[in-house]
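So this block is coords_11.cif, mmCIF, C-alpha atoms (C1' of nucleotides):
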data_run
loop_
_atom_site.group_PDB
_atom_site.id
_atom_site.type_symbol
_atom_site.label_atom_id
_atom_site.label_comp_id
_atom_site.auth_asym_id
_atom_site.auth_seq_id
_atom_site.Cartn_x
_atom_site.Cartn_y
_atom_site.Cartn_z
ATOM 1 C CA MET A 1 -33.648 89.600 101.166
ATOM 2 C CA GLU A 2 -32.769 87.434 98.228
ATOM 3 C CA LEU A 3 -36.414 86.795 97.345
ATOM 4 C CA ILE A 4 -37.314 90.470 97.085
ATOM 5 C CA LYS A 5 -34.374 91.099 94.804
ATOM 6 C CA ILE A 6 -35.440 88.256 92.563
ATOM 7 C CA TYR A 7 -39.029 89.415 92.326
ATOM 8 C CA ALA A 8 -37.877 92.961 91.642
ATOM 9 C CA CYS A 9 -35.942 91.616 88.680
ATOM 10 C CA LEU A 10 -38.946 89.680 87.468
ATOM 11 C CA CYS A 11 -41.538 92.444 87.615
ATOM 12 C CA ASP A 12 -40.613 94.068 84.321
ATOM 13 C CA LEU A 13 -41.584 92.566 80.991
ATOM 14 C CA THR A 14 -38.314 93.314 79.233
ATOM 15 C CA ARG A 15 -36.317 91.655 81.987
ATOM 16 C CA LEU A 16 -38.646 88.698 81.987
ATOM 17 C CA ARG A 17 -38.047 88.272 78.277
ATOM 18 C CA LEU A 18 -34.294 88.635 78.698
ATOM 19 C CA LEU A 19 -34.203 85.963 81.360
ATOM 20 C CA ASN A 20 -36.442 83.648 79.431
ATOM 21 C CA VAL A 21 -34.043 83.861 76.501
ATOM 22 C CA LEU A 22 -30.977 83.529 78.695
ATOM 23 C CA VAL A 23 -32.228 80.236 80.029
ATOM 24 C CA GLN A 24 -31.470 78.835 76.583
ATOM 25 C CA GLY A 25 -27.855 79.974 76.735
ATOM 26 C CA PRO A 26 -25.520 82.995 76.629
ATOM 27 C CA LEU A 27 -26.186 85.785 74.191
ATOM 28 C CA CYS A 28 -24.672 89.121 73.245
ATOM 29 C CA VAL A 29 -26.501 92.415 73.361
ATOM 30 C CA CYS A 30 -26.917 92.763 69.616
ATOM 31 C CA HIS A 31 -28.622 89.398 69.452
ATOM 32 C CA PHE A 32 -30.916 90.331 72.290
ATOM 33 C CA GLN A 33 -31.893 93.339 70.238
ATOM 34 C CA GLU A 34 -32.782 91.097 67.358
ATOM 35 C CA VAL A 35 -34.684 88.598 69.464
ATOM 36 C CA LEU A 36 -36.673 91.078 71.550
ATOM 37 C CA GLN A 37 -36.948 93.733 68.850
ATOM 38 C CA GLU A 38 -36.201 96.428 71.339
ATOM 39 C CA PRO A 39 -33.740 99.350 71.173
ATOM 40 C CA GLN A 40 -30.183 98.927 72.359
ATOM 41 C CA VAL A 41 -30.438 101.302 75.330
ATOM 42 C CA LYS A 42 -33.385 99.467 76.698
ATOM 43 C CA ILE A 43 -31.738 96.070 76.412
ATOM 44 C CA SER A 44 -28.469 97.328 77.790
ATOM 45 C CA LYS A 45 -29.981 99.043 80.784
ATOM 46 C CA HIS A 46 -32.121 96.121 81.806
ATOM 47 C CA LEU A 47 -29.160 93.781 81.492
ATOM 48 C CA ALA A 48 -27.226 96.136 83.752
ATOM 49 C CA TYR A 49 -30.083 95.990 86.230
ATOM 50 C CA LEU A 50 -29.952 92.216 86.252
ATOM 51 C CA ARG A 51 -26.194 92.224 86.511
ATOM 52 C CA GLN A 52 -26.118 94.611 89.472
ATOM 53 C CA ARG A 53 -28.370 92.200 91.302
ATOM 54 C CA GLY A 54 -26.275 89.192 90.458
ATOM 55 C CA LEU A 55 -28.725 87.283 88.281
ATOM 56 C CA VAL A 56 -26.574 87.641 85.235
ATOM 57 C CA GLN A 57 -22.938 87.765 84.219
ATOM 58 C CA ALA A 58 -21.208 89.714 81.475
ATOM 59 C CA GLU A 59 -18.085 88.888 79.530
ATOM 60 C CA ARG A 60 -16.420 90.961 76.855
ATOM 61 C CA ARG A 61 -15.287 89.262 73.655
ATOM 62 C CA GLY A 62 -13.977 91.762 71.182
ATOM 63 C CA ASN A 63 -16.745 94.197 70.423
ATOM 64 C CA TRP A 64 -19.365 91.941 71.885
ATOM 65 C CA VAL A 65 -20.450 91.668 75.457
ATOM 66 C CA ILE A 66 -21.938 88.317 76.131
ATOM 67 C CA TYR A 67 -24.414 87.835 78.933
ATOM 68 C CA ALA A 68 -25.145 84.592 80.691
ATOM 69 C CA LEU A 69 -27.047 83.465 83.725
ATOM 70 C CA ALA A 70 -24.878 83.663 86.821
ATOM 71 C CA PRO A 71 -23.363 80.343 87.852
ATOM 72 C CA LYS A 72 -24.379 78.757 91.144
ATOM 73 C CA PRO A 73 -27.798 80.349 91.415
ATOM 74 C CA SER A 74 -29.469 80.282 94.817
ATOM 75 C CA ARG A 75 -32.214 77.790 95.374
ATOM 76 C CA GLU A 76 -34.766 80.604 95.293
ATOM 77 C CA LEU A 77 -33.521 81.803 91.946
ATOM 78 C CA LYS A 78 -33.455 78.347 90.456
ATOM 79 C CA VAL A 79 -36.992 77.656 91.588
ATOM 80 C CA ASN A 80 -38.276 80.964 90.276
ATOM 81 C CA LEU A 81 -36.587 80.681 86.924
ATOM 82 C CA ALA A 82 -38.110 77.251 86.521
ATOM 83 C CA CYS A 83 -41.441 78.752 87.479
ATOM 84 C CA LEU A 84 -41.005 81.487 84.904
ATOM 85 C CA GLN A 85 -40.237 79.011 82.163
ATOM 86 C CA ASP A 86 -43.295 77.077 83.134
ATOM 87 C CA CYS A 87 -45.463 80.176 82.766
ATOM 88 C CA ALA A 88 -43.643 81.408 79.657
ATOM 89 C CA ARG A 89 -44.175 78.214 77.729
ATOM 90 C CA GLU A 90 -47.729 79.125 76.849
ATOM 91 C CA ASN A 91 -47.299 82.851 76.437
ATOM 92 C CA PRO A 92 -47.215 84.238 72.878
ATOM 93 C CA VAL A 93 -44.679 86.956 73.691
ATOM 94 C CA PHE A 94 -42.138 84.540 75.082
ATOM 95 C CA LYS A 95 -42.835 81.980 72.414
ATOM 96 C CA ARG A 96 -42.155 84.524 69.709
ATOM 97 C CA ASP A 97 -38.854 85.452 71.336
ATOM 98 C CA VAL A 98 -37.721 81.866 71.464
ATOM 99 C CA ALA A 99 -38.775 81.358 67.853
ATOM 100 C CA ARG A 100 -36.617 84.308 66.783
ATOM 101 C CA LEU A 101 -33.801 82.968 68.911
ATOM 102 C CA LYS A 102 -33.906 79.616 67.161
ATOM 103 C CA LYS A 103 -33.345 81.382 63.854
ATOM 104 C CA ILE A 104 -30.001 82.796 64.925
ATOM 105 C CA GLU A 105 -28.963 79.727 66.854
ATOM 106 C CA PRO A 106 -26.399 78.894 68.032
ATOM 107 C CA ALA A 107 -25.703 82.595 68.463
ATOM 108 C CA CYS A 108 -23.232 82.581 71.344
ATOM 109 C CA ALA A 109 -23.242 78.955 72.340
ATOM 110 C CA TRP A 110 -19.510 78.737 71.718
ATOM 111 C CA VAL A 111 -18.959 80.915 74.776
ATOM 112 C CA GLN A 112 -20.704 78.502 77.070
ATOM 113 C CA ALA A 113 -18.753 75.677 75.471
ATOM 114 C CA GLY A 114 -15.625 77.402 76.758
ATOM 115 C CA GLU A 115 -14.140 78.029 73.356
ATOM 116 C CA PRO A 116 -11.468 80.706 73.104
ATOM 117 C CA ALA A 117 -12.136 84.053 71.531
ATOM 118 C CA LYS A 118 -12.962 83.937 67.880
ATOM 119 C CA ALA A 119 -10.573 85.070 65.217
ATOM 120 C CA PRO A 120 -10.542 88.758 64.303
ATOM 121 C CA GLY A 121 -13.432 89.809 62.113
ATOM 122 C CA GLN A 122 -15.766 87.249 63.600
ATOM 123 C CA TYR A 123 -17.563 89.671 65.895
ATOM 124 C CA ARG A 124 -19.826 91.197 63.312
ATOM 125 C CA CYS A 125 -23.419 91.182 64.227
ATOM 126 C CA GLY A 126 -25.263 91.389 60.946
ATOM 127 C CA CYS A 127 -28.348 92.730 62.684
ATOM 128 C CA MET B 1 -49.574 90.918 81.560
ATOM 129 C CA GLU B 2 -50.736 88.769 84.437
ATOM 130 C CA LEU B 3 -47.193 87.670 85.283
ATOM 131 C CA ILE B 4 -45.869 91.202 85.689
ATOM 132 C CA LYS B 5 -48.724 92.091 87.992
ATOM 133 C CA ILE B 6 -48.010 89.058 90.123
ATOM 134 C CA TYR B 7 -44.303 89.765 90.396
ATOM 135 C CA ALA B 8 -45.042 93.401 91.213
ATOM 136 C CA CYS B 9 -47.116 92.182 94.140
ATOM 137 C CA LEU B 10 -44.361 89.855 95.259
ATOM 138 C CA CYS B 11 -41.465 92.291 95.196
ATOM 139 C CA ASP B 12 -42.187 93.880 98.560
ATOM 140 C CA LEU B 13 -41.386 92.152 101.827
ATOM 141 C CA THR B 14 -44.552 93.219 103.626
ATOM 142 C CA ARG B 15 -46.753 91.909 100.835
ATOM 143 C CA LEU B 16 -44.783 88.703 100.692
ATOM 144 C CA ARG B 17 -45.402 88.203 104.376
ATOM 145 C CA LEU B 18 -49.093 89.025 104.017
ATOM 146 C CA LEU B 19 -49.503 86.489 101.246
ATOM 147 C CA ASN B 20 -47.545 83.855 103.070
ATOM 148 C CA VAL B 21 -49.887 84.229 106.019
ATOM 149 C CA LEU B 22 -52.993 84.348 103.835
ATOM 150 C CA VAL B 23 -52.139 80.995 102.362
ATOM 151 C CA GLN B 24 -53.031 79.564 105.753
ATOM 152 C CA GLY B 25 -56.510 81.111 105.687
ATOM 153 C CA PRO B 26 -58.464 84.384 105.924
ATOM 154 C CA LEU B 27 -57.468 86.992 108.450
ATOM 155 C CA CYS B 28 -58.556 90.436 109.534
ATOM 156 C CA VAL B 29 -56.354 93.494 109.535
ATOM 157 C CA CYS B 30 -55.878 93.645 113.282
ATOM 158 C CA HIS B 31 -54.583 90.098 113.302
ATOM 159 C CA PHE B 32 -52.219 90.865 110.475
ATOM 160 C CA GLN B 33 -50.893 93.644 112.648
ATOM 161 C CA GLU B 34 -50.252 91.206 115.423
ATOM 162 C CA VAL B 35 -48.681 88.591 113.205
ATOM 163 C CA LEU B 36 -46.422 90.893 111.209
ATOM 164 C CA GLN B 37 -45.824 93.377 114.014
ATOM 165 C CA GLU B 38 -46.244 96.253 111.634
ATOM 166 C CA PRO B 39 -48.336 99.441 111.929
ATOM 167 C CA GLN B 40 -51.939 99.482 110.774
ATOM 168 C CA VAL B 41 -51.417 101.906 107.885
ATOM 169 C CA LYS B 42 -48.712 99.804 106.423
ATOM 170 C CA ILE B 43 -50.738 96.616 106.582
ATOM 171 C CA SER B 44 -53.870 98.298 105.287
ATOM 172 C CA LYS B 45 -52.166 99.941 102.351
ATOM 173 C CA HIS B 46 -50.385 96.824 101.208
ATOM 174 C CA LEU B 47 -53.596 94.840 101.449
ATOM 175 C CA ALA B 48 -55.255 97.505 99.297
ATOM 176 C CA TYR B 49 -52.431 97.115 96.810
ATOM 177 C CA LEU B 50 -53.013 93.380 96.622
ATOM 178 C CA ARG B 51 -56.751 93.853 96.378
ATOM 179 C CA GLN B 52 -56.534 96.342 93.529
ATOM 180 C CA ARG B 53 -54.595 93.761 91.581
ATOM 181 C CA GLY B 54 -57.019 90.983 92.327
ATOM 182 C CA LEU B 55 -54.813 88.718 94.409
ATOM 183 C CA VAL B 56 -56.890 89.221 97.490
ATOM 184 C CA GLN B 57 -60.494 89.753 98.539
ATOM 185 C CA ALA B 58 -61.968 91.779 101.369
ATOM 186 C CA GLU B 59 -65.187 91.272 103.295
ATOM 187 C CA ARG B 60 -66.544 93.427 106.063
ATOM 188 C CA ARG B 61 -67.877 91.773 109.227
ATOM 189 C CA GLY B 62 -68.832 94.291 111.819
ATOM 190 C CA ASN B 63 -65.803 96.354 112.619
ATOM 191 C CA TRP B 64 -63.478 93.877 111.052
ATOM 192 C CA VAL B 65 -62.456 93.587 107.438
ATOM 193 C CA ILE B 66 -61.392 90.106 106.634
ATOM 194 C CA TYR B 67 -59.001 89.430 103.813
ATOM 195 C CA ALA B 68 -58.664 86.196 101.925
ATOM 196 C CA LEU B 69 -56.897 84.950 98.833
ATOM 197 C CA ALA B 70 -59.046 85.528 95.771
ATOM 198 C CA PRO B 71 -60.938 82.454 94.613
ATOM 199 C CA LYS B 72 -60.098 80.892 91.249
ATOM 200 C CA PRO B 73 -56.533 82.089 91.020
ATOM 201 C CA SER B 74 -54.870 81.954 87.611
ATOM 202 C CA ARG B 75 -52.436 79.168 86.930
ATOM 203 C CA GLU B 76 -49.563 81.662 87.111
ATOM 204 C CA LEU B 77 -50.664 82.854 90.516
ATOM 205 C CA LYS B 78 -51.142 79.377 91.875
ATOM 206 C CA VAL B 79 -47.715 78.327 90.691
ATOM 207 C CA ASN B 80 -46.039 81.397 92.134
ATOM 208 C CA LEU B 81 -47.758 81.187 95.482
ATOM 209 C CA ALA B 82 -46.656 77.587 95.735
ATOM 210 C CA CYS B 83 -43.167 78.718 94.827
ATOM 211 C CA LEU B 84 -43.273 81.377 97.513
ATOM 212 C CA GLN B 85 -44.331 78.913 100.152
ATOM 213 C CA ASP B 86 -41.526 76.657 99.085
ATOM 214 C CA CYS B 87 -39.016 79.457 99.583
ATOM 215 C CA ALA B 88 -40.658 80.764 102.746
ATOM 216 C CA ARG B 89 -40.520 77.459 104.517
ATOM 217 C CA GLU B 90 -36.859 77.907 105.387
ATOM 218 C CA ASN B 91 -36.865 81.641 105.955
ATOM 219 C CA PRO B 92 -36.751 82.914 109.544
ATOM 220 C CA VAL B 93 -38.951 85.934 108.854
ATOM 221 C CA PHE B 94 -41.760 83.895 107.399
ATOM 222 C CA LYS B 95 -41.376 81.178 109.946
ATOM 223 C CA ARG B 96 -41.729 83.665 112.740
ATOM 224 C CA ASP B 97 -44.907 85.038 111.191
ATOM 225 C CA VAL B 98 -46.459 81.617 110.928
ATOM 226 C CA ALA B 99 -45.468 80.867 114.500
ATOM 227 C CA ARG B 100 -47.237 83.990 115.718
ATOM 228 C CA LEU B 101 -50.207 83.086 113.572
ATOM 229 C CA LYS B 102 -50.484 79.673 115.176
ATOM 230 C CA LYS B 103 -50.809 81.335 118.551
ATOM 231 C CA ILE B 104 -53.982 83.187 117.578
ATOM 232 C CA GLU B 105 -55.401 80.348 115.564
ATOM 233 C CA PRO B 106 -58.090 79.817 114.480
ATOM 234 C CA ALA B 107 -58.310 83.603 114.122
ATOM 235 C CA CYS B 108 -60.718 84.025 111.210
ATOM 236 C CA ALA B 109 -61.101 80.464 110.032
ATOM 237 C CA TRP B 110 -64.875 80.650 110.642
ATOM 238 C CA VAL B 111 -65.137 83.025 107.690
ATOM 239 C CA GLN B 112 -63.673 80.528 105.296
ATOM 240 C CA ALA B 113 -65.980 77.919 106.754
ATOM 241 C CA GLY B 114 -68.885 80.078 105.585
ATOM 242 C CA GLU B 115 -70.244 80.713 109.017
ATOM 243 C CA PRO B 116 -72.620 83.669 109.423
ATOM 244 C CA ALA B 117 -71.573 86.856 111.111
ATOM 245 C CA LYS B 118 -70.745 86.531 114.757
ATOM 246 C CA ALA B 119 -72.977 87.805 117.497
ATOM 247 C CA PRO B 120 -72.568 91.455 118.566
ATOM 248 C CA GLY B 121 -69.590 92.041 120.764
ATOM 249 C CA GLN B 122 -67.565 89.313 119.143
ATOM 250 C CA TYR B 123 -65.530 91.587 116.939
ATOM 251 C CA ARG B 124 -63.118 92.783 119.560
ATOM 252 C CA CYS B 125 -59.551 92.350 118.624
ATOM 253 C CA GLY B 126 -57.710 92.141 121.876
ATOM 254 C CA CYS B 127 -54.476 93.143 120.206
ATOM 255 C "C1'" DG C 1 -76.010 111.044 120.407
ATOM 256 C "C1'" DA C 2 -71.344 110.704 121.771
ATOM 257 C "C1'" DT C 3 -67.638 107.656 121.961
ATOM 258 C "C1'" DT C 4 -64.855 103.799 120.846
ATOM 259 C "C1'" DC C 5 -63.042 100.492 117.719
ATOM 260 C "C1'" DA C 6 -61.182 98.721 113.359
ATOM 261 C "C1'" DT C 7 -60.001 100.155 109.015
ATOM 262 C "C1'" DA C 8 -59.270 103.294 105.029
ATOM 263 C "C1'" DT C 9 -57.865 107.449 102.808
ATOM 264 C "C1'" DA C 10 -55.576 111.954 102.023
ATOM 265 C "C1'" DC C 11 -51.315 114.318 102.145
ATOM 266 C "C1'" DT C 12 -46.401 114.725 102.218
ATOM 267 C "C1'" DT C 13 -41.615 113.346 101.314
ATOM 268 C "C1'" DA C 14 -38.083 110.548 99.517
ATOM 269 C "C1'" DT C 15 -36.656 106.850 96.618
ATOM 270 C "C1'" DT C 16 -36.731 104.159 92.668
ATOM 271 C "C1'" DA C 17 -37.763 103.066 88.101
ATOM 272 C "C1'" DA C 18 -38.625 103.354 82.940
ATOM 273 C "C1'" DG C 19 -37.993 105.420 78.613
ATOM 274 C "C1'" DG C 20 -35.657 108.157 75.066
ATOM 275 C "C1'" DA C 21 -31.871 111.190 73.209
ATOM 276 C "C1'" DA C 22 -27.392 112.082 73.111
ATOM 277 C "C1'" DT C 23 -22.856 110.959 74.088
ATOM 278 C "C1'" DA C 24 -18.877 108.257 75.814
ATOM 279 C "C1'" DC C 25 -16.088 104.174 75.636
ATOM 280 C "C1'" DG C 26 -13.275 100.244 74.135
ATOM 281 C "C1'" DA C 27 -11.974 97.259 70.585
ATOM 282 C "C1'" DA C 28 -11.398 96.283 65.862
ATOM 283 C "C1'" DT C 29 -11.059 97.794 61.142
ATOM 284 C "C1'" DT C 30 -9.452 100.693 57.376
ATOM 285 C "C1'" DA D 1 -4.841 108.247 62.948
ATOM 286 C "C1'" DA D 2 -9.478 108.151 61.746
ATOM 287 C "C1'" DT D 3 -13.491 105.547 61.471
ATOM 288 C "C1'" DT D 4 -16.684 101.963 62.462
ATOM 289 C "C1'" DC D 5 -18.878 98.820 65.450
ATOM 290 C "C1'" DG D 6 -21.058 97.121 69.623
ATOM 291 C "C1'" DT D 7 -22.079 98.514 74.114
ATOM 292 C "C1'" DA D 8 -22.456 101.493 78.320
ATOM 293 C "C1'" DT D 9 -23.432 105.713 80.579
ATOM 294 C "C1'" DT D 10 -25.286 110.266 81.386
ATOM 295 C "C1'" DC D 11 -28.942 113.451 81.397
ATOM 296 C "C1'" DC D 12 -33.634 114.399 81.374
ATOM 297 C "C1'" DT D 13 -38.599 113.713 82.091
ATOM 298 C "C1'" DT D 14 -42.252 111.282 83.909
ATOM 299 C "C1'" DA D 15 -44.443 108.070 86.778
ATOM 300 C "C1'" DA D 16 -44.725 104.680 90.420
ATOM 301 C "C1'" DT D 17 -43.734 103.230 95.059
ATOM 302 C "C1'" DA D 18 -43.046 103.147 100.160
ATOM 303 C "C1'" DA D 19 -43.503 105.045 104.584
ATOM 304 C "C1'" DG D 20 -45.297 108.124 108.068
ATOM 305 C "C1'" DT D 21 -48.698 111.559 110.081
ATOM 306 C "C1'" DA D 22 -52.971 112.969 110.375
ATOM 307 C "C1'" DT D 23 -57.683 112.513 109.423
ATOM 308 C "C1'" DA D 24 -61.914 110.301 107.763
ATOM 309 C "C1'" DT D 25 -65.284 106.483 107.633
ATOM 310 C "C1'" DG D 26 -68.471 103.002 109.165
ATOM 311 C "C1'" DA D 27 -70.032 100.002 112.557
ATOM 312 C "C1'" DA D 28 -70.761 98.904 117.296
ATOM 313 C "C1'" DT D 29 -71.036 100.273 122.055
ATOM 314 C "C1'" DC D 30 -72.289 103.091 125.931
#
Mind turning this structure into structure tokens?
Amino acid sequence: MELIKIYACLCDLTRLRLLNVLVQGPLCVCHFQEVLQEPQVKISKHLAYLRQRGLVQAERRGNWVIYALAPKPSRELKVNLACLQDCARENPVFKRDVARLKKIEPACAWVQAGEPAKAPGQYRCGC
Amino acid sequence: MELIKIYACLCDLTRLRLLNVLVQGPLCVCHFQEVLQEPQVKISKHLAYLRQRGLVQAERRGNWVIYALAPKPSRELKVNLACLQDCARENPVFKRDVARLKKIEPACAWVQAGEPAKAPGQYRCGC
DNA sequence: GATTCATATACTTATTAAGGAATACGAATT
DNA sequence: AATTCGTATTCCTTAATAAGTATATGAATC
């Protein structure tokens, strides 16, 4: 059932933080590392978990792989993501993540805007 | 974190069904069996799971143990239970459960109403 | 006191998950 | 061609979970 899958995705703190950040817009793995302050394997594996269950999409751009919320989310998913944001607003962990995100803004916003791939040499993280 | 605990409780179908039924009012294990059509062990163990995490309360009355939603739920829990109900409204599984519940209504409503223990011989299930 | 009833608790087995270390992979750079 | 960079995957260990069978518990009945 769709609902179970969603809750399974939500019952891990790292994934909760990933989703909370993703709500703001697409982001590549290296930026997730910076925002969450967690090792690459951890980030990468939890993103894979979310991707396998269809909550999240990946797109390669040069060396980067940019993750975004899946388009056309089910009603259940929409409702629960809204619910998560509601709860996350007051939580120090999530607030800190968003604060760190703001610093590197607009990180990968150009992807969402549909811009073509960047010129060579533009995919350097600087983490 | 409170949120993780909540989502952990929600990521199993049996527990989701239990909670969805509990929203309607207190119920004893034997009635859960009837409503969910699941074996006693399964029901009992998942209720224990919910109780250990504070989502649910138990109270013994004769042979019966009556479960109810914990009083004074956190904001996160309230929001998520509301969200669950919202999603459950259209789902055949949950709808069927509620339908079966209606048939045995008012099952354990007298507990919520604060009534004293029933007279001897009144705790026969009839399942 | 023995039995029945409703519920809970081992015990077992199988599955899934999380984390870290090391390594593989694909694309870009030198 | 070799290296670097960003990311994914494999392997391993450990722990948590779910489900079923059998058994225990506690209260009420006979």
Target residues per the PyMOL selection byres ((chain D and resi 13) around 12), formatted as a ChimeraX atom specification: /C:18-21 /D:11-12,14-15
Output for the residues just chosen: C-alpha atoms (C1' of nucleotides) as a PDB file, keeping the file's coordinate frame:
ATOM      1  C1'  DA C  18     -38.625 103.354  82.940  1.00  0.00           C
ATOM      2  C1'  DG C  19     -37.993 105.420  78.613  1.00  0.00           C
ATOM      3  C1'  DG C  20     -35.657 108.157  75.066  1.00  0.00           C
ATOM      4  C1'  DA C  21     -31.871 111.190  73.209  1.00  0.00           C
TER       5       DA C  21
ATOM      6  C1'  DC D  11     -28.942 113.451  81.397  1.00  0.00           C
ATOM      7  C1'  DC D  12     -33.634 114.399  81.374  1.00  0.00           C
ATOM      8  C1'  DT D  14     -42.252 111.282  83.909  1.00  0.00           C
ATOM      9  C1'  DA D  15     -44.443 108.070  86.778  1.00  0.00           C
TER      10       DA D  15
END
Using 12 Å as the limit and counting all atoms listed in the file, can you tabulate each residue of chain B that touches chain C, with its shortest atom-to-atom distance in Å and the two atoms involved, as a Markdown table?
| residue | atom | partner | partner_atom | distance |
| --- | --- | --- | --- | --- |
| B:Cys28 | CA | C:DA6 | C1' | 9.5 |
| B:Val29 | CA | C:DT7 | C1' | 7.6 |
| B:Cys30 | CA | C:DA6 | C1' | 7.3 |
| B:His31 | CA | C:DA6 | C1' | 10.9 |
| B:Gln33 | CA | C:DA6 | C1' | 11.5 |
| B:Gln40 | CA | C:DT7 | C1' | 8.3 |
| B:Val41 | CA | C:DA8 | C1' | 8.5 |
| B:Lys42 | CA | C:DA8 | C1' | 11.2 |
| B:Ile43 | CA | C:DT7 | C1' | 10.2 |
| B:Ser44 | CA | C:DA8 | C1' | 7.4 |
| B:Lys45 | CA | C:DA8 | C1' | 8.3 |
| B:His46 | CA | C:DA8 | C1' | 11.6 |
| B:Leu47 | CA | C:DA8 | C1' | 10.8 |
| B:Ala48 | CA | C:DA8 | C1' | 9.1 |
| B:Ala58 | CA | C:DT7 | C1' | 11.5 |
| B:Glu59 | CA | C:DT7 | C1' | 11.8 |
| B:Arg60 | CA | C:DT7 | C1' | 9.8 |
| B:Arg61 | CA | C:DA6 | C1' | 10.5 |
| B:Gly62 | CA | C:DA6 | C1' | 9.0 |
| B:Asn63 | CA | C:DA6 | C1' | 5.2 |
| B:Trp64 | CA | C:DA6 | C1' | 5.8 |
| B:Val65 | CA | C:DT7 | C1' | 7.2 |
| B:Ile66 | CA | C:DT7 | C1' | 10.4 |
| B:Tyr67 | CA | C:DT7 | C1' | 12.0 |
| B:Gly121 | CA | C:DC5 | C1' | 11.1 |
| B:Tyr123 | CA | C:DA6 | C1' | 9.1 |
| B:Arg124 | CA | C:DC5 | C1' | 7.9 |
| B:Cys125 | CA | C:DA6 | C1' | 8.4 |
| B:Gly126 | CA | C:DC5 | C1' | 10.7 |
| B:Cys127 | CA | C:DA6 | C1' | 11.1 |
Output of the PyMOL selection byres ((chain A) within 8 of (chain B)), listed as a list in words: Leu3, Ile4, Lys5, Ile6, Tyr7, Ala8, Leu10, Cys11, Asp12, Leu13, Glu76, Val79, Asn80, Cys83 and Cys87 of chain A
Within 8 Å of chain B: residues of chain D, using all atoms listed in the file, as a ChimeraX atom specification: /D:19,26-28
CA of Glu38 in chain B to CA of Lys78 in chain B, distance in Å rounded to a single decimal: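 The value is 26.4 Å.
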Separation of CA of Leu22 in chain A from CA of Pro71 in chain A in Å: 12.3 Å
Using the file's own x, y and z axes, what box holds all listed atoms of range 4-7 of chain A with 6 Å on each side, keeping edges along x, y and z, and what are its centre and edge lengths in Å to one decimal, as AutoDock Vina command-line options?
--center_x -36.7 --center_y 89.7 --center_z 94.7 --size_x 16.7 --size_y 14.8 --size_z 16.8
One-decimal distance in Å that lies between CA of Arg89 in chain B and CA of Val23 in chain B: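 Between CA of Val23 in chain B and CA of Arg89 in chain B the gap is 12.3 Å.
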Among the residues A:Val93, A:Cys108, A:Leu55, A:Val35, the one that comes closest to Leu81 in chain A [using all atoms listed in the file]: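 When distances to Leu81 in chain A are compared using all atoms listed in the file, the smallest one comes from A:Leu55.
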